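Structure data follow from structure14.cif (mmCIF, C-alpha atoms and all ligand atoms):
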```cif
data_structure
loop_
_atom_site.group_PDB
_atom_site.id
_atom_site.type_symbol
_atom_site.label_atom_id
_atom_site.label_comp_id
_atom_site.auth_asym_id
_atom_site.auth_seq_id
_atom_site.Cartn_x
_atom_site.Cartn_y
_atom_site.Cartn_z
ATOM 1 C CA GLU A 23 0.000 0.000 0.000
ATOM 2 C CA ARG A 24 1.493 3.311 -1.041
ATOM 3 C CA ILE A 25 0.309 6.779 -1.948
ATOM 4 C CA ARG A 26 1.984 9.829 -3.498
ATOM 5 C CA VAL A 27 0.728 13.297 -2.601
ATOM 6 C CA PHE A 28 1.476 16.881 -3.617
ATOM 7 C CA SER A 29 1.684 19.503 -0.898
ATOM 8 C CA PRO A 30 1.824 23.155 -1.966
ATOM 9 C CA ALA A 31 4.139 25.946 -0.930
ATOM 10 C CA THR A 32 2.314 28.479 1.217
ATOM 11 C CA VAL A 33 2.584 32.154 2.072
ATOM 12 C CA ALA A 34 1.953 32.859 5.744
ATOM 13 C CA ASN A 35 0.975 36.166 7.393
ATOM 14 C CA VAL A 36 -0.102 37.830 4.098
ATOM 15 C CA ALA A 37 1.167 41.199 5.393
ATOM 16 C CA CYS A 38 -1.317 42.112 8.138
ATOM 17 C CA GLY A 39 -2.253 38.598 9.332
ATOM 18 C CA PHE A 40 0.719 37.515 11.457
ATOM 19 C CA ASP A 41 0.092 33.890 12.506
ATOM 20 C CA VAL A 42 -3.582 34.056 11.469
ATOM 21 C CA LEU A 43 -3.715 34.100 7.652
ATOM 22 C CA GLY A 44 -2.031 32.116 4.900
ATOM 23 C CA PHE A 45 -2.641 30.890 1.362
ATOM 24 C CA ALA A 46 -1.498 28.010 -0.813
ATOM 25 C CA LEU A 47 0.192 28.379 -4.200
ATOM 26 C CA GLU A 48 -0.646 26.131 -7.130
ATOM 27 C CA SER A 49 3.088 25.541 -7.517
ATOM 28 C CA PRO A 50 5.799 24.871 -6.447
ATOM 29 C CA GLY A 51 5.181 22.182 -3.883
ATOM 30 C CA ASP A 52 6.643 19.049 -2.370
ATOM 31 C CA GLU A 53 5.737 15.524 -3.325
ATOM 32 C CA ILE A 54 6.042 12.704 -0.892
ATOM 33 C CA GLU A 55 5.352 9.035 -1.222
ATOM 34 C CA VAL A 56 4.208 7.063 1.796
ATOM 35 C CA ARG A 57 4.269 3.289 2.138
ATOM 36 C CA ARG A 58 2.977 1.258 5.041
ATOM 37 C CA ARG A 59 5.696 -0.898 6.617
ATOM 38 C CA ASN A 60 5.147 -4.360 7.960
ATOM 39 C CA GLU A 61 6.417 -3.303 11.355
ATOM 40 C CA PRO A 62 6.109 -0.193 13.534
ATOM 41 C CA GLY A 63 8.580 2.690 13.200
ATOM 42 C CA PHE A 64 9.511 5.195 10.517
ATOM 43 C CA THR A 65 12.073 5.391 7.763
ATOM 44 C CA VAL A 66 12.717 8.399 5.556
ATOM 45 C CA ILE A 67 14.265 8.397 2.104
ATOM 46 C CA ASN A 68 15.497 11.644 0.633
ATOM 47 C CA LYS A 69 15.296 11.895 -3.152
ATOM 48 C CA THR A 70 16.056 15.616 -3.169
ATOM 49 C CA ALA A 71 19.588 16.392 -4.202
ATOM 50 C CA ASP A 72 20.239 19.612 -2.328
ATOM 51 C CA THR A 73 18.301 18.928 0.851
ATOM 52 C CA VAL A 74 19.977 17.722 3.992
ATOM 53 C CA PHE A 75 17.708 15.965 6.459
ATOM 54 C CA PRO A 76 18.249 15.871 10.167
ATOM 55 C CA SER A 77 19.878 12.476 10.802
ATOM 56 C CA ASP A 78 17.408 11.941 13.638
ATOM 57 C CA VAL A 79 14.041 10.960 12.098
ATOM 58 C CA ASN A 80 12.370 12.335 15.199
ATOM 59 C CA LYS A 81 13.391 15.843 14.132
ATOM 60 C CA ASN A 82 11.851 15.423 10.698
ATOM 61 C CA THR A 83 8.678 17.545 10.564
ATOM 62 C CA ALA A 84 6.820 14.935 8.505
ATOM 63 C CA VAL A 85 7.606 12.197 11.025
ATOM 64 C CA VAL A 86 6.826 14.359 14.063
ATOM 65 C CA SER A 87 3.389 15.254 12.632
ATOM 66 C CA LEU A 88 2.676 11.704 11.594
ATOM 67 C CA LYS A 89 3.540 10.373 15.039
ATOM 68 C CA ALA A 90 1.159 12.862 16.669
ATOM 69 C CA TYR A 91 -1.571 11.790 14.223
ATOM 70 C CA LEU A 92 -1.036 8.052 14.758
ATOM 71 C CA GLU A 93 -0.898 8.487 18.513
ATOM 72 C CA HIS A 94 -4.274 10.230 18.380
ATOM 73 C CA LEU A 95 -5.704 7.272 16.465
ATOM 74 C CA GLY A 96 -4.022 4.785 18.804
ATOM 75 C CA SER A 97 -2.304 3.227 15.787
ATOM 76 C CA GLU A 98 1.032 1.415 15.945
ATOM 77 C CA ASP A 99 1.503 1.279 12.175
ATOM 78 C CA GLY A 100 4.911 2.063 10.725
ATOM 79 C CA PHE A 101 5.579 4.023 7.524
ATOM 80 C CA GLU A 102 8.307 4.719 5.014
ATOM 81 C CA ILE A 103 8.294 8.270 3.667
ATOM 82 C CA THR A 104 10.090 9.209 0.458
ATOM 83 C CA PHE A 105 10.647 12.924 -0.142
ATOM 84 C CA HIS A 106 10.709 14.454 -3.599
ATOM 85 C CA SER A 107 10.963 18.030 -2.359
ATOM 86 C CA LYS A 108 10.886 20.982 -4.709
ATOM 87 C CA ILE A 109 10.566 23.767 -2.176
ATOM 88 C CA LYS A 110 13.911 25.107 -1.006
ATOM 89 C CA PRO A 111 14.253 24.792 2.757
ATOM 90 C CA GLY A 112 14.536 28.127 4.541
ATOM 91 C CA SER A 113 12.990 30.042 1.669
ATOM 92 C CA GLY A 114 9.978 31.326 3.591
ATOM 93 C CA ILE A 115 7.308 29.569 1.563
ATOM 94 C CA GLY A 116 6.577 26.832 4.038
ATOM 95 C CA SER A 117 9.024 24.068 3.149
ATOM 96 C CA SER A 118 8.843 22.396 6.557
ATOM 97 C CA SER A 119 5.079 22.890 6.621
ATOM 98 C CA ALA A 120 4.591 21.255 3.239
ATOM 99 C CA SER A 121 6.129 17.977 4.401
ATOM 100 C CA ALA A 122 4.342 18.118 7.755
ATOM 101 C CA ALA A 123 1.036 18.619 5.950
ATOM 102 C CA ALA A 124 1.810 16.006 3.309
ATOM 103 C CA SER A 125 2.606 13.152 5.674
ATOM 104 C CA VAL A 126 -0.576 13.397 7.753
ATOM 105 C CA PHE A 127 -2.701 13.998 4.668
ATOM 106 C CA ALA A 128 -1.187 10.989 2.867
ATOM 107 C CA VAL A 129 -1.558 8.577 5.771
ATOM 108 C CA ASN A 130 -5.091 9.780 6.479
ATOM 109 C CA GLU A 131 -5.910 8.861 2.862
ATOM 110 C CA LEU A 132 -4.117 5.490 3.151
ATOM 111 C CA LEU A 133 -6.128 4.666 6.268
ATOM 112 C CA GLY A 134 -9.445 5.494 4.558
ATOM 113 C CA ARG A 135 -9.871 9.035 5.897
ATOM 114 C CA PRO A 136 -10.602 8.465 9.587
ATOM 115 C CA LEU A 137 -10.292 12.230 10.152
ATOM 116 C CA ALA A 138 -11.645 15.259 8.280
ATOM 117 C CA GLN A 139 -9.102 17.546 6.549
ATOM 118 C CA THR A 140 -9.546 20.353 9.080
ATOM 119 C CA ASP A 141 -8.775 17.948 11.919
ATOM 120 C CA LEU A 142 -5.405 17.073 10.363
ATOM 121 C CA VAL A 143 -4.066 20.591 10.860
ATOM 122 C CA GLN A 144 -3.444 20.199 14.609
ATOM 123 C CA PHE A 145 -1.045 17.297 13.937
ATOM 124 C CA ALA A 146 0.838 19.080 11.154
ATOM 125 C CA MET A 147 1.260 21.951 13.637
ATOM 126 C CA GLN A 148 3.311 19.619 15.845
ATOM 127 C CA GLY A 149 5.777 19.246 12.962
ATOM 128 C CA GLU A 150 5.878 23.023 12.665
ATOM 129 C CA LYS A 151 6.677 23.249 16.355
ATOM 130 C CA ALA A 152 9.583 20.850 15.920
ATOM 131 C CA ALA A 153 10.925 22.986 13.063
ATOM 132 C CA ALA A 154 10.471 26.504 14.439
ATOM 133 C CA GLY A 155 9.638 26.162 18.116
ATOM 134 C CA VAL A 156 6.086 27.465 17.723
ATOM 135 C CA ALA A 157 3.043 25.546 16.530
ATOM 136 C CA HIS A 158 1.718 28.211 14.170
ATOM 137 C CA ALA A 159 -0.969 27.093 11.695
ATOM 138 C CA ASP A 160 -0.797 29.736 8.970
ATOM 139 C CA ASN A 161 1.294 27.532 6.644
ATOM 140 C CA VAL A 162 0.025 24.020 7.423
ATOM 141 C CA ALA A 163 -3.681 24.959 7.374
ATOM 142 C CA PRO A 164 -3.621 26.330 3.791
ATOM 143 C CA ALA A 165 -1.260 23.497 2.733
ATOM 144 C CA ILE A 166 -3.887 20.965 3.822
ATOM 145 C CA MET A 167 -7.106 22.848 3.085
ATOM 146 C CA GLY A 168 -6.070 24.929 0.041
ATOM 147 C CA GLY A 169 -6.733 28.584 -0.842
ATOM 148 C CA PHE A 170 -6.793 31.245 1.872
ATOM 149 C CA VAL A 171 -7.292 30.028 5.423
ATOM 150 C CA LEU A 172 -7.926 32.243 8.443
ATOM 151 C CA VAL A 173 -6.914 30.956 11.867
ATOM 152 C CA ARG A 174 -9.719 32.664 13.796
ATOM 153 C CA SER A 175 -8.533 31.091 17.037
ATOM 154 C CA TYR A 176 -5.792 28.726 18.213
ATOM 155 C CA ASP A 177 -7.505 27.538 21.366
ATOM 156 C CA PRO A 178 -9.770 26.009 20.353
ATOM 157 C CA LEU A 179 -8.422 25.759 16.816
ATOM 158 C CA ASP A 180 -10.935 27.471 14.501
ATOM 159 C CA LEU A 181 -10.020 27.470 10.802
ATOM 160 C CA ILE A 182 -12.029 29.368 8.211
ATOM 161 C CA GLN A 183 -11.600 29.039 4.446
ATOM 162 C CA ILE A 184 -11.859 32.465 2.850
ATOM 163 C CA PRO A 185 -13.261 32.757 -0.684
ATOM 164 C CA TYR A 186 -11.046 34.793 -3.019
ATOM 165 C CA PRO A 187 -11.271 36.120 -6.573
ATOM 166 C CA GLU A 188 -10.773 33.643 -9.418
ATOM 167 C CA GLU A 189 -8.010 35.804 -10.894
ATOM 168 C CA LEU A 190 -5.379 36.238 -8.215
ATOM 169 C CA TYR A 191 -1.677 35.658 -8.835
ATOM 170 C CA CYS A 192 1.282 35.593 -6.542
ATOM 171 C CA THR A 193 4.870 36.536 -7.283
ATOM 172 C CA ILE A 194 7.496 35.113 -4.946
ATOM 173 C CA ILE A 195 11.062 36.362 -4.888
ATOM 174 C CA HIS A 196 13.521 34.275 -2.999
ATOM 175 C CA PRO A 197 16.774 36.109 -2.225
ATOM 176 C CA GLN A 198 19.765 33.886 -1.456
ATOM 177 C CA ILE A 199 20.068 34.899 2.162
ATOM 178 C CA GLU A 200 19.141 32.820 5.156
ATOM 179 C CA VAL A 201 16.543 33.803 7.731
ATOM 180 C CA LYS A 202 15.460 31.170 10.251
ATOM 181 C CA THR A 203 11.851 31.398 11.425
ATOM 182 C CA GLU A 204 12.981 30.870 14.990
ATOM 183 C CA ASP A 205 15.361 33.871 14.787
ATOM 184 C CA ALA A 206 12.832 35.999 12.913
ATOM 185 C CA ARG A 207 10.386 35.465 15.777
ATOM 186 C CA LYS A 208 12.877 36.264 18.516
ATOM 187 C CA ILE A 209 13.489 39.788 17.234
ATOM 188 C CA LEU A 210 9.812 40.762 17.363
ATOM 189 C CA ARG A 211 8.620 43.216 19.989
ATOM 190 C CA LYS A 212 6.327 41.637 22.578
ATOM 191 C CA GLY A 213 4.154 44.712 23.001
ATOM 192 C CA ILE A 214 2.433 46.994 20.476
ATOM 193 C CA THR A 215 0.728 50.343 20.730
ATOM 194 C CA LEU A 216 -3.038 50.677 20.576
ATOM 195 C CA LYS A 217 -2.604 52.903 17.501
ATOM 196 C CA ASP A 218 -0.736 50.146 15.635
ATOM 197 C CA ALA A 219 -3.268 47.547 16.754
ATOM 198 C CA VAL A 220 -6.124 49.651 15.352
ATOM 199 C CA THR A 221 -4.317 50.066 12.020
ATOM 200 C CA GLN A 222 -3.513 46.354 11.823
ATOM 201 C CA TRP A 223 -6.985 45.016 12.606
ATOM 202 C CA GLY A 224 -8.505 47.503 10.202
ATOM 203 C CA ASN A 225 -6.239 46.097 7.497
ATOM 204 C CA ILE A 226 -6.776 42.407 8.249
ATOM 205 C CA ALA A 227 -10.554 42.913 8.284
ATOM 206 C CA GLY A 228 -10.239 44.935 5.053
ATOM 207 C CA LEU A 229 -8.165 42.205 3.428
ATOM 208 C CA ILE A 230 -10.691 39.488 4.296
ATOM 209 C CA ALA A 231 -13.559 41.679 3.042
ATOM 210 C CA GLY A 232 -11.592 42.507 -0.131
ATOM 211 C CA LEU A 233 -10.890 38.836 -0.851
ATOM 212 C CA MET A 234 -14.512 37.826 -0.289
ATOM 213 C CA LYS A 235 -15.903 40.688 -2.379
ATOM 214 C CA GLY A 236 -13.277 40.323 -5.102
ATOM 215 C CA ASP A 237 -12.487 44.002 -4.534
ATOM 216 C CA TYR A 238 -8.899 44.386 -5.802
ATOM 217 C CA PRO A 239 -8.382 48.013 -4.706
ATOM 218 C CA LEU A 240 -9.541 47.070 -1.181
ATOM 219 C CA ILE A 241 -7.153 44.082 -1.164
ATOM 220 C CA GLY A 242 -4.384 46.459 -2.216
ATOM 221 C CA ARG A 243 -5.195 49.090 0.427
ATOM 222 C CA SER A 244 -5.252 46.405 3.113
ATOM 223 C CA LEU A 245 -1.998 44.605 2.275
ATOM 224 C CA LYS A 246 -0.041 46.555 4.878
ATOM 225 C CA ASP A 247 1.739 45.476 8.010
ATOM 226 C CA VAL A 248 2.718 48.089 10.594
ATOM 227 C CA ILE A 249 3.769 45.615 13.283
ATOM 228 C CA ILE A 250 5.956 42.790 11.957
ATOM 229 C CA GLU A 251 7.273 44.024 8.599
ATOM 230 C CA PRO A 252 9.092 47.120 9.909
ATOM 231 C CA ILE A 253 11.220 44.858 12.133
ATOM 232 C CA ARG A 254 11.751 41.794 9.958
ATOM 233 C CA SER A 255 12.416 43.793 6.807
ATOM 234 C CA MET A 256 15.710 44.859 8.383
ATOM 235 C CA LEU A 257 16.894 41.280 7.742
ATOM 236 C CA ILE A 258 16.280 41.667 3.986
ATOM 237 C CA PRO A 259 18.709 44.037 2.221
ATOM 238 C CA GLY A 260 16.873 46.096 -0.407
ATOM 239 C CA PHE A 261 13.442 45.262 1.026
ATOM 240 C CA ASP A 262 11.967 48.773 0.641
ATOM 241 C CA GLU A 263 13.232 49.179 -2.906
ATOM 242 C CA VAL A 264 12.044 45.710 -3.986
ATOM 243 C CA LYS A 265 8.602 46.352 -2.518
ATOM 244 C CA GLU A 266 8.474 49.732 -4.218
ATOM 245 C CA ALA A 267 9.379 48.083 -7.550
ATOM 246 C CA ALA A 268 6.495 45.615 -7.129
ATOM 247 C CA LEU A 269 3.978 48.391 -6.429
ATOM 248 C CA ALA A 270 5.308 50.590 -9.255
ATOM 249 C CA ASN A 271 4.739 47.700 -11.669
ATOM 250 C CA GLY A 272 1.111 47.148 -10.770
ATOM 251 C CA ALA A 273 1.125 44.744 -7.816
ATOM 252 C CA LEU A 274 -1.826 45.158 -5.455
ATOM 253 C CA GLY A 275 0.575 44.906 -2.532
ATOM 254 C CA ALA A 276 3.761 43.218 -1.374
ATOM 255 C CA SER A 277 5.330 42.108 1.891
ATOM 256 C CA ILE A 278 7.446 39.397 3.496
ATOM 257 C CA SER A 279 6.365 35.812 2.872
ATOM 258 C CA GLY A 280 6.016 34.182 6.292
ATOM 259 C CA SER A 281 9.119 34.914 8.313
ATOM 260 C CA GLY A 282 11.159 35.601 5.150
ATOM 261 C CA PRO A 283 13.542 35.956 3.482
ATOM 262 C CA SER A 284 11.203 35.523 0.485
ATOM 263 C CA MET A 285 8.921 38.370 -0.439
ATOM 264 C CA PHE A 286 5.529 38.013 -2.094
ATOM 265 C CA ALA A 287 3.368 40.317 -4.195
ATOM 266 C CA LEU A 288 -0.251 39.835 -5.246
ATOM 267 C CA SER A 289 -1.542 40.821 -8.674
ATOM 268 C CA SER A 290 -4.863 40.625 -10.456
ATOM 269 C CA SER A 291 -3.452 39.190 -13.698
ATOM 270 C CA LEU A 292 -0.738 36.782 -14.770
ATOM 271 C CA GLU A 293 0.929 39.403 -16.984
ATOM 272 C CA THR A 294 1.189 41.826 -14.077
ATOM 273 C CA ALA A 295 2.541 39.110 -11.763
ATOM 274 C CA GLN A 296 5.242 38.288 -14.339
ATOM 275 C CA ARG A 297 6.168 41.932 -14.853
ATOM 276 C CA VAL A 298 6.324 42.348 -11.076
ATOM 277 C CA ALA A 299 8.628 39.296 -10.839
ATOM 278 C CA GLN A 300 11.024 40.856 -13.346
ATOM 279 C CA ALA A 301 11.029 44.194 -11.573
ATOM 280 C CA MET A 302 11.583 42.654 -8.135
ATOM 281 C CA THR A 303 14.360 40.397 -9.419
ATOM 282 C CA LYS A 304 16.102 43.301 -11.116
ATOM 283 C CA THR A 305 15.942 45.415 -7.979
ATOM 284 C CA PHE A 306 17.354 42.657 -5.765
ATOM 285 C CA SER A 307 20.161 42.200 -8.284
ATOM 286 C CA GLN A 308 21.031 45.880 -7.904
ATOM 287 C CA PHE A 309 21.763 45.034 -4.288
ATOM 288 C CA GLU A 310 23.959 42.201 -5.562
ATOM 289 C CA ILE A 311 21.696 39.615 -4.025
ATOM 290 C CA GLU A 312 21.197 36.489 -6.030
ATOM 291 C CA ASN A 313 17.557 35.603 -6.209
ATOM 292 C CA HIS A 314 15.004 33.604 -8.084
ATOM 293 C CA SER A 315 11.301 34.064 -8.601
ATOM 294 C CA TYR A 316 8.127 32.040 -8.950
ATOM 295 C CA VAL A 317 4.798 33.172 -10.339
ATOM 296 C CA SER A 318 1.765 31.117 -9.424
ATOM 297 C CA LYS A 319 -1.982 31.307 -9.477
ATOM 298 C CA ILE A 320 -3.549 31.060 -6.033
HETATM 299 N N1 LIG B 401 3.496 33.168 11.075
HETATM 300 C C1 LIG B 401 4.805 32.591 11.049
HETATM 301 C C2 LIG B 401 5.825 33.670 11.354
HETATM 302 C C3 LIG B 401 5.032 32.029 9.677
HETATM 303 O O1 LIG B 401 5.695 34.750 10.788
HETATM 304 O O2 LIG B 401 6.720 33.445 12.156
HETATM 305 C C4 LIG B 401 6.383 31.397 9.473
HETATM 306 O O3 LIG B 401 6.434 30.895 8.145
#
```

Let's see the structure in the file written out as structure tokens.
Ligand code: HSE
Amino acid sequence: ERIRVFSPATVANVACGFDVLGFALESPGDEIEVRRRNEPGFTVINKTADTVFPSDVNKNTAVVSLKAYLEHLGSEDGFEITFHSKIKPGSGIGSSSASAAASVFAVNELLGRPLAQTDLVQFAMQGEKAAAGVAHADNVAPAIMGGFVLVRSYDPLDLIQIPYPEELYCTIIHPQIEVKTEDARKILRKGITLKDAVTQWGNIAGLIAGLMKGDYPLIGRSLKDVIIEPIRSMLIPGFDEVKEAALANGALGASISGSGPSMFALSSSLETAQRVAQAMTKTFSQFEIENHSYVSKI
């Protein structure tokens, strides 16, 4: 018995929704193959050339999530997981989340779907915790459920799929610098002013309304982050200029993808998203930062 699944790259935070909003890209993504073993325990096989796995399987996000899932079911089954990863680790488009989501999704299918999709998210979050120290859901929830997902609450976990316009494209620029999620969380301020809170919740509500109404100008006006971006953007040389280039070329808005270092921009057409990719790439290059881009429908 084996199954092969695709798990998409995801953009967490979406500017104003730190830890509460994320969306899935059509591509790239990771593919994993899962096979049931005849005995308990886990083995992992890495078919990705440039990815180094932790030698301890217990630190592998896919295994950690799967263990949490199987424990919940009271199952002692063992599995072999083969990774065909296409998402670069550390790029800020949910590479660890994609494998965490993929393993629980795949085994849930293999076992005849004992749990609903939404209920899988809590286990994938355990993998996220192993990778970054915090069990945030804004990558794994969209990886499992697709589209835009709002984490209305963590306790209890309350996940809401948000409708969005048919024509919505994402440009991702991945600069060749390393930013670890764990580090990018440590530098954040613990307190915020009431003024910033008011601005931020106005924007997140505006973004959700804009997505649901298909109101592009409203989406654009709301894609702003006055709390996290000003701090984390200091880790990305050229951030302001690259963002400016995206907006000048027609993007609705742009910000950091998850905890970075990738940046994302949203556009209402494929042509715009491609033009934005070129402009962002060119601007990063002016800062002598090697980078590559993806354009994907959402
Ligand atoms: N919400 C998380 C963070 C996403 O910003 O730390 C990490 O990809």

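Going from CA of Ser289 (chain A) over to CA of Ala273 (chain A), you cover 4.8 Å.
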
Expansion of the PyMOL selection byres (((chain A and resi 221) around 12) and not hetatm) into residues, as a ChimeraX atom specification: /A:38-39,214-220,222-228,243-249

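Taking all atoms listed in the file into account, the residues that come within 8 Å of ligand LIG 401 (chain B) are Val33, Ala34, Asn35, Phe40, Asp41, Val42, Gly114, Ile115, Gly116, His158, Ala159, Asp160, Asn161, Thr203, Glu204, Ala206, Arg207, Ser279, Gly280, Ser281 and Gly282 of chain A.
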
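Distance-wise, CA of Leu288 (chain A) and CA of Gly272 (chain A) end up 9.3 Å apart.
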
Residue members of the PyMOL selection byres (((chain A and resi 275) around 12) and not hetatm) in the file shown, as an NGL selection string: :A and (36-38 or 190-193 or 229 or 238-247 or 264-274 or 276-278 or 285-290 or 294-295 or 298)

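Against the coordinates shown, the PyMOL selection byres (((chain A and resi 86) around 9) and not hetatm) returns A:Val79, A:Asn80, A:Lys81, A:Asn82, A:Thr83, A:Ala84, A:Val85, A:Ser87, A:Leu88, A:Lys89, A:Ala90, A:Tyr91, A:Ala122, A:Phe145, A:Ala146, A:Gln148, A:Gly149, A:Glu150, A:Ala152.
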
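What separates CA of Glu53 (chain A) from CA of Ile182 (chain A) is a distance of 25.3 Å.
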
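By chain and then residue number, the residues within 10 Å of Gly260 (chain A) are Ser255, Lys265, Glu266, Met302, Thr305, Phe306, Ser307, Gln308, Phe309, Glu310 and Ile311 of chain A, counting all atoms listed in the file and disregarding those fewer than 5 positions away in sequence.
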
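When all atoms listed in the file are used to compute distances to Ser49 (chain A), the closest of the residues A:Phe105, A:Phe127, A:Phe261, A:Tyr316 turns out to be A:Tyr316.
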
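For the set A:Thr65, A:Ser113, A:Ser107, A:Asn60, the residue with the smallest atom-to-atom gap to Thr32 (chain A) is A:Ser113, counting only C-alpha atoms.
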
Residue nearest Glu188 (chain A) - candidates A:Val66, A:Leu233, A:Leu257, A:Ile209, atoms counted: all atoms listed in the file: A:Leu233

Test item: residues at most 12 Å from Ser97 (chain A), all atoms listed in the file, excluding those fewer than 4 positions along its chain, as a short mmCIF file (atom, residue, chain, number, x, y, z; two decimals) with C-alpha atoms, in the coordinates of the input:
```cif
data_model
loop_
_atom_site.label_atom_id
_atom_site.label_comp_id
_atom_site.auth_asym_id
_atom_site.auth_seq_id
_atom_site.Cartn_x
_atom_site.Cartn_y
_atom_site.Cartn_z
CA GLU A 61 6.42 -3.30 11.36
CA PRO A 62 6.11 -0.19 13.53
CA GLY A 63 8.58 2.69 13.20
CA LEU A 88 2.68 11.70 11.59
CA LYS A 89 3.54 10.37 15.04
CA ALA A 90 1.16 12.86 16.67
CA TYR A 91 -1.57 11.79 14.22
CA LEU A 92 -1.04 8.05 14.76
CA GLU A 93 -0.90 8.49 18.51
CA PHE A 101 5.58 4.02 7.52
CA VAL A 129 -1.56 8.58 5.77
CA ASN A 130 -5.09 9.78 6.48
CA LEU A 133 -6.13 4.67 6.27
CA PRO A 136 -10.60 8.46 9.59
#
```

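Shortest atom-to-atom contact with Gly236 (chain A) among A:Leu47, A:Leu292, A:Ala138, A:Ile184: A:Ile184, counting only C-alpha atoms.
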
Put region 233-245 of chain A into a file with N, CA and C atoms, as an mmCIF file, in the first residue's frame.
```cif
data_model
loop_
_atom_site.group_PDB
_atom_site.id
_atom_site.type_symbol
_atom_site.label_atom_id
_atom_site.label_comp_id
_atom_site.auth_asym_id
_atom_site.auth_seq_id
_atom_site.Cartn_x
_atom_site.Cartn_y
_atom_site.Cartn_z
ATOM 1 N N LEU A 233 -10.988 40.153 -0.217
ATOM 2 C CA LEU A 233 -10.890 38.836 -0.851
ATOM 3 C C LEU A 233 -12.294 38.294 -1.138
ATOM 4 N N MET A 234 -13.167 38.405 -0.138
ATOM 5 C CA MET A 234 -14.512 37.826 -0.289
ATOM 6 C C MET A 234 -15.354 38.571 -1.322
ATOM 7 N N LYS A 235 -15.131 39.893 -1.420
ATOM 8 C CA LYS A 235 -15.903 40.688 -2.379
ATOM 9 C C LYS A 235 -15.250 40.720 -3.759
ATOM 10 N N GLY A 236 -14.002 40.210 -3.843
ATOM 11 C CA GLY A 236 -13.277 40.323 -5.102
ATOM 12 C C GLY A 236 -12.969 41.777 -5.416
ATOM 13 N N ASP A 237 -12.730 42.566 -4.384
ATOM 14 C CA ASP A 237 -12.487 44.002 -4.534
ATOM 15 C C ASP A 237 -10.959 44.241 -4.523
ATOM 16 N N TYR A 238 -10.370 44.287 -5.716
ATOM 17 C CA TYR A 238 -8.899 44.386 -5.802
ATOM 18 C C TYR A 238 -8.328 45.640 -5.132
ATOM 19 N N PRO A 239 -8.943 46.827 -5.381
ATOM 20 C CA PRO A 239 -8.382 48.013 -4.706
ATOM 21 C C PRO A 239 -8.405 47.878 -3.178
ATOM 22 N N LEU A 240 -9.460 47.262 -2.632
ATOM 23 C CA LEU A 240 -9.541 47.070 -1.181
ATOM 24 C C LEU A 240 -8.456 46.090 -0.716
ATOM 25 N N ILE A 241 -8.235 45.025 -1.495
ATOM 26 C CA ILE A 241 -7.153 44.082 -1.164
ATOM 27 C C ILE A 241 -5.838 44.856 -1.115
ATOM 28 N N GLY A 242 -5.622 45.688 -2.135
ATOM 29 C CA GLY A 242 -4.384 46.459 -2.216
ATOM 30 C C GLY A 242 -4.208 47.410 -1.030
ATOM 31 N N ARG A 243 -5.292 48.136 -0.694
ATOM 32 C CA ARG A 243 -5.195 49.090 0.427
ATOM 33 C C ARG A 243 -4.915 48.389 1.747
ATOM 34 N N SER A 244 -5.355 47.122 1.834
ATOM 35 C CA SER A 244 -5.252 46.405 3.113
ATOM 36 C C SER A 244 -3.958 45.620 3.281
ATOM 37 N N LEU A 245 -3.227 45.406 2.186
ATOM 38 C CA LEU A 245 -1.998 44.605 2.275
ATOM 39 C C LEU A 245 -0.878 45.431 2.896
#
```
